[in-house]
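J.: Submitted below is the structure of interest, expressed as structure tokens.
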Amino acid sequence: MTTMSYDDLARAAQRLGVATSFRSKRGEDMPAPESTLRQVVSSFSAEPATTEPPLICTPGRYHPELYGYLILENEDAFWVDGRVDVAGYHILHLNDGRRRLVLAAPEQLPQPRRGWGWSVQLYAARSRDSWGIGDFRDLGLLARMARRDGASVILVSPVHAAAPVEAPLDSPYSPASRQWLQLLHVAPGEAPGAERVDLSDLADAGRALNAERLISRDKVWAIKRAALHRVFDEVKSDLPHEYSVFAQEHGISLERFATWCAIVETQPSSDWMSWPEELHDPDSEGVRTFAAEHAERVLFYSWCQWVADIQYATACSWGVDIVADLAVGFDANSADAWTFQNQLSFAFEVGCPPDGHNPEGQCWGLPPFNPQALVEADFAPFVAMVRAGLRHAGALRIDHVMQLWRLFWVPKSGGAPEGVYVHYPVDALLAILRIEAERTGAWIVGEDMGTVADGVREGMAAIGMLGNRSAMRTNPHNFPECSLGASATHDQMTVAGLLSRSDEADLRRIGKDADFASISRSRRALAELAHLDPFAPVGEREIHAGVLAQYKLVASAASRIVVASLDDAAGVKERPNMPGTVSTYPNWRIALPAPIEDLLTAPLARDLVQVLGANR
């Protein structure tokens with residue numbers, strides 16, 4: 001076989017939407033490594049595309065290509081001559097026999113009113129009744145307290161499902177599935193039928209874990225799994241009609257996820273690629289046989305998802321918009337990877353190139369979707385993910401919103417500097433977002449910090465997608481009106497961590513590279529804003545003053561919505577996550593220092609509520 005020349009390779013890459021270079025933070029054009037380009041190009045089908053690109057139109061508006069036999073999403077069918085009045089996913093059969101997906105989408109996303117709220121790492125937000133980790137019952141308590149104080153939103157960390165293994169992954173951004181819910185966030189005592197069994201011993205063991213500041217998900221899961229089993233064993237022979245409706249509504253998708261969970265229990269690892277070959281394909285006879293032989297285990301995990309769904313729906317019903325955080329991907333060993341394996345490129349992982357905030361770049365261990373395969377699947381995985389995210393939540397925050405435009409593919413055999421950008425059919429993905437958001441009245445936030453391609457923010461603003469701004473990166477005076485503003489993200493330092501220099505000490509202790517001169521300037525600027533001596537010791541009084549000063553600035557921003565971190569309201573010095581670290585920092589494990597019912601009635605939180613309410 002003749003090896004393609006670099007020029008031919010570059011042209012082939014560009015035809016497939018693969019960038020041959022990217023612009024560094026310093027404005028330099030960085031050429032894509034030839035070896036990476038060859039690997040990416042070879043991952044696309046060499047055959048000409050047989051699937052037509054989707055036709056995107058506005059309901060009620062003429063489109064010159066909308067001619068043929070149209071089958072609506074509700075299965076009504078008719079000959080169409082340039083216009084369809086119904087939003088949704090339709091199929092157009094052309095006179096020459098070709099088939100096209102039609103995305104009939106409104107032009108604009110729903111919009112939130114100007115307001116404020118809290119951002120919370122749900123796992124960290126424990127109440128007195130929690131079992132070692134924040135749960136959906138605690139989220140409901142937060143929502144009620146927030147509504148009482150005049151807040152309109154709660155931005156919550158991802159509640160995506162994890163694998164049911166002995167030691168669940170700590171990161172909520174490396175889920176097993178973005179379509180199903182995290183069972184660690186279930187309150188077992190609130191499960192339907194729990195009143196029929198004695199859970200007091202498990203409840204005592206669970207609440208005892210609240211004394212540990214670092215969350216041990218393995219201990220939490222052992223206790224909660226035992227409690228869920230105890231309830232299930234009592235109710236499994238007489239499940240209510242509501243469960244049957246839930247199971248019927250979610251059909252094969254729920255059955256497949258529950259089957260995956262049951263298989264995981266029988267295998268040494270959740271890595272489906274290491275399972276016996278007959279279990280690799282979710283549609284295989286081997287998997288169907290397994291599901292039949294382990295029907296009760298499959299039923300158990302289906303029931304657990306119903307319990308989680310009930311509790312999450314209740315938490316979302318208290319009059320504030322719960323903003324669900326959508327992770328950029330899922331773990332390569334996950335249920336979603338097993339389910340959508342034919343649409344993924346497992347030789348790569350998603351990441352980001354080196355920049356001023358992360359000089360080494362980042363690799364996230366998440367396999368990217370192949371855009372060519374997404375089109376051929378009529379975007380089914382993306383539709384299912386968005387629909388699940390908006391099933392109960394009032395809004396959706398898309399982590400790393402650049403995923404809709406392009407993703408940085410890093411070869412599994414290399415590092416971030418060897419990655420390339422691969423472009424996605426963004427117009428179709430944005431149309432799907434508008435369709436799904438209109439159906440629920442939800443608004444959408446795109447996390448657009450860091451390296452963002454030209455035209456992305458303009459495209460977001462054109463359809464009413466809010467951007468995301470952080471005062472640790474951008475002066476709040478420069479926050480646009482169409483944005484959600486915050487002091488920091490989960491990857492950035494807290495106010496107390498900045499003022500006390502403890503975050504800088506953490507960075508130096510673990511040997512992480514950072515712009516320490518810039519950190520020092522930020523600390524002095526905040527001290528000046530809070531009328532503090534930047535050289536004096538920092539105690540509770542100084543942190544109190546610094547938090548209020550920071551949020552007076554954030555609350556005065558033009559942003560439609562601003563959120564205050566519960567970490568800042570509690571004066572927490574540690575950031576939730578230290579990017580680029582695995583074992584040198586307790587990422588995603590640091591609980592808030594006191595129960596949320598105490599934190600939200602403490603002087604700092606009460607003063608913070610006054611600051612936010614006065615300015616919003």
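In the structure tokens, chains take the letters A, B, ... in the order shown, each chain's residues start at 1, and ligands count up from 1 in the order shown.
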Based on DSSP run over this structure's backbone, return all residues of range 292-435 of chain A in alpha helix (DSSP H), as a PyMOL selection string.
T.: chain A and resi 292-293+295-315+335-339+371-376+380-389+426-435
J.: Please identify which residues in range 250-435 of chain A DSSP calls strand (DSSP E or B) from the backbone, and express them as a PyMOL selection string.
T.: chain A and resi 321-326+344+348-352+362-363+369+395-398+406-411+420-423
J.: Restricting the calculation to only C-alpha atoms, which member of A:Val420, A:Val563, A:Ala32, A:Val350 is positioned closest to Trp364 in chain A?
T.: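 Of A:Val420, A:Val563, A:Ala32, A:Val350, the one nearest Trp364 in chain A, counting only C-alpha atoms, is A:Val350.
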J.: Write out as JSON, numbers by chain each polymer residue whose atoms come within 9 Å of range 87-100 of chain A, counting only C-alpha atoms; drop sequence neighbours fewer than 4 positions from it.
T.: {"A": [51, 52, 53, 54, 55, 58, 59, 66, 67, 68, 69, 70, 71, 72, 73, 74, 75, 80, 104, 105, 106, 432, 435, 436]}
J.: Determine the nearest neighbour of Leu326 in chain A from the options A:Val159, A:Ala428, A:Ala347, A:Cys482, counting only C-alpha atoms.
T.: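 The answer is A:Val159, which sits nearest to Leu326 in chain A.
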J.: Can you work out the spacing between CA of Arg178 in chain A and CA of Ala161 in chain A in Å, to one decimal?
T.: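 Straight-line distance from CA of Arg178 in chain A to CA of Ala161 in chain A works out to 6.7 Å.
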J.: Which neighbours of Arg217 in chain A fall inside 9 Å, counting only C-alpha atoms, when residues of the same chain fewer than 5 positions from it are skipped, and could you give them as number ranges by chain?
T.: A: 132-133, 166-170, 184, 222, 589
J.: At what distance in Å, to one decimal, does CA of Gly450 in chain A lie from CA of Tyr421 in chain A?
T.: 14.8 Å
J.: Skipping near chain neighbours, those fewer than 4 positions away, what residues fall within 10 Å of Leu16 in chain A using only C-alpha atoms, listed as a PDB file with N, CA, C and O atoms, in the first residue's frame?
T.:
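Here's the written file part_36.pdb:
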ATOM      1  N   ALA A  10      -2.821  15.881   4.703  1.00  0.00           N
ATOM      2  CA  ALA A  10      -3.420  17.103   5.235  1.00  0.00           C
ATOM      3  C   ALA A  10      -4.743  17.409   4.537  1.00  0.00           C
ATOM      4  O   ALA A  10      -5.721  17.805   5.184  1.00  0.00           O
ATOM      5  N   ARG A  11      -4.786  17.212   3.232  1.00  0.00           N
ATOM      6  CA  ARG A  11      -6.037  17.469   2.506  1.00  0.00           C
ATOM      7  C   ARG A  11      -7.122  16.478   2.937  1.00  0.00           C
ATOM      8  O   ARG A  11      -8.283  16.860   3.124  1.00  0.00           O
ATOM      9  N   ALA A  12      -6.739  15.216   3.112  1.00  0.00           N
ATOM     10  CA  ALA A  12      -7.717  14.217   3.564  1.00  0.00           C
ATOM     11  C   ALA A  12      -8.231  14.567   4.954  1.00  0.00           C
ATOM     12  O   ALA A  12      -9.436  14.446   5.247  1.00  0.00           O
ATOM     13  N   VAL A  40      -5.643   9.519  13.031  1.00  0.00           N
ATOM     14  CA  VAL A  40      -7.012  10.028  13.045  1.00  0.00           C
ATOM     15  C   VAL A  40      -7.711   9.748  11.722  1.00  0.00           C
ATOM     16  O   VAL A  40      -8.849   9.265  11.682  1.00  0.00           O
ATOM     17  N   VAL A  41      -7.036  10.047  10.619  1.00  0.00           N
ATOM     18  CA  VAL A  41      -7.648   9.837   9.301  1.00  0.00           C
ATOM     19  C   VAL A  41      -8.018   8.366   9.123  1.00  0.00           C
ATOM     20  O   VAL A  41      -9.092   8.038   8.597  1.00  0.00           O
ATOM     21  N   PHE A  44     -11.437   7.099  10.471  1.00  0.00           N
ATOM     22  CA  PHE A  44     -12.667   7.398   9.751  1.00  0.00           C
ATOM     23  C   PHE A  44     -12.866   6.358   8.651  1.00  0.00           C
ATOM     24  O   PHE A  44     -11.910   5.760   8.159  1.00  0.00           O
ATOM     25  N   SER A  45     -14.097   6.169   8.264  1.00  0.00           N
ATOM     26  CA  SER A  45     -14.392   5.217   7.202  1.00  0.00           C
ATOM     27  C   SER A  45     -13.793   5.688   5.897  1.00  0.00           C
ATOM     28  O   SER A  45     -13.918   6.870   5.525  1.00  0.00           O
ATOM     29  N   PRO A 371     -17.357  11.716  14.730  1.00  0.00           N
ATOM     30  CA  PRO A 371     -18.454  12.531  14.190  1.00  0.00           C
ATOM     31  C   PRO A 371     -19.134  11.895  12.991  1.00  0.00           C
ATOM     32  O   PRO A 371     -20.346  12.061  12.792  1.00  0.00           O
ATOM     33  N   GLN A 372     -18.379  11.176  12.181  1.00  0.00           N
ATOM     34  CA  GLN A 372     -18.955  10.488  11.028  1.00  0.00           C
ATOM     35  C   GLN A 372     -19.975   9.449  11.488  1.00  0.00           C
ATOM     36  O   GLN A 372     -21.080   9.342  10.928  1.00  0.00           O
ATOM     37  N   VAL A 422     -10.526  17.759  16.221  1.00  0.00           N
ATOM     38  CA  VAL A 422     -11.460  17.138  15.286  1.00  0.00           C
ATOM     39  C   VAL A 422     -12.785  17.877  15.400  1.00  0.00           C
ATOM     40  O   VAL A 422     -13.325  18.046  16.503  1.00  0.00           O
ATOM     41  N   HIS A 423     -13.304  18.327  14.268  1.00  0.00           N
ATOM     42  CA  HIS A 423     -14.528  19.133  14.259  1.00  0.00           C
ATOM     43  C   HIS A 423     -15.772  18.242  14.201  1.00  0.00           C
ATOM     44  O   HIS A 423     -15.751  17.142  13.633  1.00  0.00           O
ATOM     45  N   TYR A 424     -16.861  18.766  14.782  1.00  0.00           N
ATOM     46  CA  TYR A 424     -18.127  18.049  14.868  1.00  0.00           C
ATOM     47  C   TYR A 424     -19.219  18.819  14.127  1.00  0.00           C
ATOM     48  O   TYR A 424     -19.078  20.032  13.894  1.00  0.00           O
TER      49      TYR A 424
END
J.: Which neighbours of range 247-255 of chain A fall inside 8 Å, counting only C-alpha atoms, when residues of the same chain fewer than 3 positions from it are skipped, and could you give them as JSON, numbers by chain?
T.: {"A": [243, 244, 258, 259, 298, 302, 306]}
J.: Kindly save the residues from that selection, with N, CA, C and O atoms included, as a PDB file, in the first residue's frame.
T.:
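For reference, again08.pdb as written:
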ATOM      1  N   TYR A 243     -43.419   1.956  38.968  1.00  0.00           N
ATOM      2  CA  TYR A 243     -42.176   1.381  38.460  1.00  0.00           C
ATOM      3  C   TYR A 243     -42.380   0.813  37.058  1.00  0.00           C
ATOM      4  O   TYR A 243     -41.537   0.997  36.168  1.00  0.00           O
ATOM      5  N   SER A 244     -43.487   0.130  36.835  1.00  0.00           N
ATOM      6  CA  SER A 244     -43.759  -0.462  35.521  1.00  0.00           C
ATOM      7  C   SER A 244     -43.836   0.609  34.444  1.00  0.00           C
ATOM      8  O   SER A 244     -43.332   0.419  33.329  1.00  0.00           O
ATOM      9  N   ALA A 258     -29.045  -1.635  33.020  1.00  0.00           N
ATOM     10  CA  ALA A 258     -29.176  -2.536  34.180  1.00  0.00           C
ATOM     11  C   ALA A 258     -28.458  -3.853  33.932  1.00  0.00           C
ATOM     12  O   ALA A 258     -27.858  -4.430  34.853  1.00  0.00           O
ATOM     13  N   THR A 259     -28.494  -4.326  32.690  1.00  0.00           N
ATOM     14  CA  THR A 259     -27.779  -5.558  32.349  1.00  0.00           C
ATOM     15  C   THR A 259     -26.273  -5.349  32.488  1.00  0.00           C
ATOM     16  O   THR A 259     -25.554  -6.213  33.011  1.00  0.00           O
ATOM     17  N   VAL A 298     -30.780  -7.812  37.140  1.00  0.00           N
ATOM     18  CA  VAL A 298     -31.144  -6.769  36.169  1.00  0.00           C
ATOM     19  C   VAL A 298     -32.313  -5.965  36.714  1.00  0.00           C
ATOM     20  O   VAL A 298     -32.329  -4.724  36.641  1.00  0.00           O
ATOM     21  N   SER A 302     -32.549  -1.870  37.611  1.00  0.00           N
ATOM     22  CA  SER A 302     -33.624  -1.068  37.013  1.00  0.00           C
ATOM     23  C   SER A 302     -34.418  -0.365  38.109  1.00  0.00           C
ATOM     24  O   SER A 302     -34.740   0.828  38.000  1.00  0.00           O
ATOM     25  N   TRP A 306     -35.062   3.703  39.133  1.00  0.00           N
ATOM     26  CA  TRP A 306     -36.382   4.297  39.386  1.00  0.00           C
ATOM     27  C   TRP A 306     -36.381   5.054  40.709  1.00  0.00           C
ATOM     28  O   TRP A 306     -36.877   6.187  40.790  1.00  0.00           O
TER      29      TRP A 306
END
J.: Mind pulling up the distance from CA of Pro593 in chain A to CA of Ala208 in chain A?
T.: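 Separation of CA of Ala208 in chain A and CA of Pro593 in chain A: 14.7 Å.
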